[in-house]
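K.L.:
The structure is given below, and queries will be raised subsequently.
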Amino acid sequence: MRVSAHGKYLLQLTRLGMFNCYLVREEDGFTLVDTNLGGSATSILAAAERAGAAIVRILLTHAHSDHVGSLDALHAALPAAEVLIGAREARLLAGDMSLDADEPQTGPRGGFPRVATQPTQTLHPGDHVGSLQAIAAPGHTPGQMAFFDPRDGTLVAGDALVTKGGMTVAGVLKWSFPFPALATWHKPTALRTARALRALEPARLAVGHGPVIEHPLAALDAAIRAAERRRAFAE
Ligand SMILES: [Zn+2]
């Protein structure tokens with residue numbers, strides 16, 4: 001697993017060159033954002049140890065298999081660590097694929113694995129997890145959340161945006177790396193989320209797939225414009 005530091009608080013952990021999770025440094029230890037593919041627990045724990053702190057909470061952006069794949073193993077290794085996920089996404093984590101009446105009536109896409117671990121707390125937009133603020137980021141999945149660190153303007157956006165091979169809004173298909181687009185639930189919602197995340201004016205963007213981007217606003221604007229040009233993203 002490749003580990004890279006971005007600013008004072010963020011470490012990016014990358015498997016197979018394309019699957020990211022993050023350690024966010026807090027005064028009481030690390031918040032792990034997402035758990036990567038199955039089989040990643042040992043290397044995630046080793047990365048935290050090398051960086052000099054324990055993981056005290058596990059925070060999930062969404063319930064796709066490449067983000068919750070090592071949740072059960074990490075929960076077993078860290079039984080005292082809190083496990084947090086958005087309240088809407090918690091239903092998907094529990095295997096409930098039902099939709100609310102006010103949601104687009106199309107089924108969630110992509111792989112939602114069976115997970116035994118139950119969250120210790122579910123989140124609503126505006127909640128705080130350590131230094132991080134929970135931001136609603138639906139579209140890729142019905143209940144995805146992004147997490148904004150006001151200490152330095154870092155935004156951890158899950159799969160709301162993809163930076164591998166250039167920045168795109170979730171759902172814009174790139175043949176060089178099609179998986180996040182193919183697993184995206186509802187494109188107009190994903191575009192609305194991209195605009196809302198842009199409005200936070202992040203100084204640094206960290207996503208599930210692709211490199212961390214410093215000063216991402218120009219690339220983000222271009223990605224939003226590119227999505228706006230596609231009919232599938234129209235409301
Ligand atoms: Zn995903």
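To be explicit about the labels: the chains of the structure tokens are called A, B, and onward in the order shown, and within each one the residues are counted from 1, while ligands get numbers from 1 in the order they are shown.
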Can you tell me, as a compact mmCIF listing (two decimals) with N, CA and C atoms, in the first residue's frame, what residues are no more than 9 Å from Ala116 in chain A when counting only C-alpha atoms, ignoring any on the same chain fewer than 4 positions away?
P.N.:
# COMPACT_ATOMS: atom_id res chain seq x y z
N LEU A 71 -13.81 -3.30 6.43
CA LEU A 71 -14.45 -2.79 7.66
C LEU A 71 -14.51 -3.86 8.75
N ASP A 72 -14.99 -5.04 8.41
CA ASP A 72 -15.14 -6.08 9.46
C ASP A 72 -13.78 -6.43 10.07
N ALA A 94 -26.36 -1.95 5.66
CA ALA A 94 -27.08 -3.06 6.28
C ALA A 94 -27.78 -3.95 5.25
K.L.:
As a quick test: using only C-alpha atoms and all ligand atoms, which residues lie no more than 8 Å away from ligand 1? Give them as an MDAnalysis selection string.
P.N.:
chainID A and resid 62:67 110 140:141 158:159 180 183:184 208
K.L.:
If I take CA of Ala203 in chain A and CA of Gly7 in chain A, how far is one from the other in Å, to one decimal?
P.N.:
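Calculated distance between CA of Ala203 in chain A and CA of Gly7 in chain A is 10.6 Å.
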K.L.:
Kindly provide the residues of range 63-161 of chain A that approach range 191-198 of chain A to within 8 Å, each paired with its closest atom pair and their distance in Å to one decimal, based on only C-alpha atoms, listed by chain and increasing number, as CSV.
P.N.:
residue,atom,partner,partner_atom,distance
A:Ala136,CA,A:Thr193,CA,7.7
A:Ala137,CA,A:Thr193,CA,5.3
A:Pro138,CA,A:Thr193,CA,6.4
A:Gly139,CA,A:Thr193,CA,7.0
A:Ala160,CA,A:Ala194,CA,6.8
A:Leu161,CA,A:Ala194,CA,7.2
K.L.:
Could you give me the residues within range 129-195 of chain A that DSSP places in alpha helix (DSSP H), as a PyMOL selection string?
P.N.:
chain A and resi 179-182+187-195
K.L.:
From the set A:Gly153, A:Pro142, A:Gly165, A:Gly95, which residue has the shortest atom-to-atom contact distance to Leu10 in chain A, counting only C-alpha atoms?
P.N.:
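Among the listed residues, the smallest separation from Leu10 in chain A belongs to A:Gly153.
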K.L.:
Of the residues A:Pro150, A:Gly166, A:Pro188, A:Gly171, which is the one nearest to Arg204 in chain A, using only C-alpha atoms?
P.N.:
A:Pro150
K.L.:
Would you please give, as a PyMOL selection string, all residues of range 144-212 of chain A that DSSP assigns to strand (DSSP E) based on the backbone?
P.N.:
chain A and resi 145-149+154-156+161-162+168-169+204-206
K.L.:
Do a neighbour search on Glu235 in chain A at 12 Å with only C-alpha atoms, toss out local chain neighbours closer than 5 positions, and write the hits as a VMD selection string.
P.N.:
chain A and resid 104 186 to 192 227 to 228 230
K.L.:
Need to verify the contact set: range 83-88 of chain A, 12 Å, only C-alpha atoms, exclusion of same-chain residues closer than 4 positions in sequence. Can you return it as a PyMOL selection string?
P.N.:
chain A and resi 31-35+55-63+67-68+71-72+74-76+78-79+92-100+103+117-130+133-138+141-147
K.L.:
Show me, as a tab-separated table (two decimals) with C-alpha atoms, in the first residue's frame, the residues that have an atom within 10 Å of Arg225 in chain A when counting only C-alpha atoms, minus same-chain residues fewer than 4 positions from it.
P.N.:
chain	number	residue	atom	x	y	z
A	168	THR	CA	-14.64	14.10	-13.49
A	169	VAL	CA	-17.99	14.29	-11.73
A	191	LEU	CA	-23.92	16.97	-10.58
A	219	ALA	CA	-10.28	21.59	-12.47
A	220	LEU	CA	-13.52	21.24	-10.52
A	221	ASP	CA	-15.18	23.98	-12.57
A	229	ARG	CA	-22.79	19.32	-21.42
A	230	ARG	CA	-24.09	15.75	-21.13
K.L.:
Using only C-alpha atoms, which residues sit within 10 Å of Leu13 in chain A once same-chain residues fewer than 6 positions away are excluded, as a PyMOL selection string?
P.N.:
chain A and resi 1-5+19-23+35-36+40+43-44+47-48
K.L.:
Would you save the residues from that selection as a PDB file, in the first residue's frame, using C-alpha atoms?
P.N.:
ATOM      1  CA  MET A   1       0.000   0.000   0.000  1.00  0.00           C
ATOM      2  CA  ARG A   2       1.430   3.347  -1.030  1.00  0.00           C
ATOM      3  CA  VAL A   3       1.267   6.099   1.589  1.00  0.00           C
ATOM      4  CA  SER A   4       1.597   9.803   0.794  1.00  0.00           C
ATOM      5  CA  ALA A   5       1.248  12.867   3.025  1.00  0.00           C
ATOM      6  CA  PHE A  19      -8.161   2.433  -4.529  1.00  0.00           C
ATOM      7  CA  ASN A  20      -7.735   5.096  -1.845  1.00  0.00           C
ATOM      8  CA  CYS A  21      -8.555   5.460   1.806  1.00  0.00           C
ATOM      9  CA  TYR A  22      -7.318   8.178   4.165  1.00  0.00           C
ATOM     10  CA  LEU A  23      -5.917   8.761   7.626  1.00  0.00           C
ATOM     11  CA  THR A  35     -11.442   0.982   4.583  1.00  0.00           C
ATOM     12  CA  ASN A  36     -10.440   0.114   1.011  1.00  0.00           C
ATOM     13  CA  SER A  40      -6.325  -4.117   3.413  1.00  0.00           C
ATOM     14  CA  SER A  43      -1.479  -2.612   5.812  1.00  0.00           C
ATOM     15  CA  ILE A  44      -3.841   0.153   7.006  1.00  0.00           C
ATOM     16  CA  ALA A  47       0.501   2.663   8.023  1.00  0.00           C
ATOM     17  CA  ALA A  48      -1.149   4.255  11.066  1.00  0.00           C
TER      18      ALA A  48
END
K.L.:
Between A:Ile224, A:Leu37, A:Ala81, A:Ala51, which has the minimum distance to Val172 in chain A (counting only C-alpha atoms)?
P.N.:
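Of A:Ile224, A:Leu37, A:Ala81, A:Ala51, the one nearest Val172 in chain A is A:Ile224, counting only C-alpha atoms.
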K.L.:
Tell me, in Å to one decimal, how far CA of Pro202 in chain A is from CA of Ala157 in chain A.
P.N.:
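Taking CA of Pro202 in chain A as the start and CA of Ala157 in chain A as the end point, the length is 10.4 Å.
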K.L.:
Can you measure CA of Asp102 in chain A to CA of Ala232 in chain A for me? One decimal in Å is fine.
P.N.:
19.6 Å
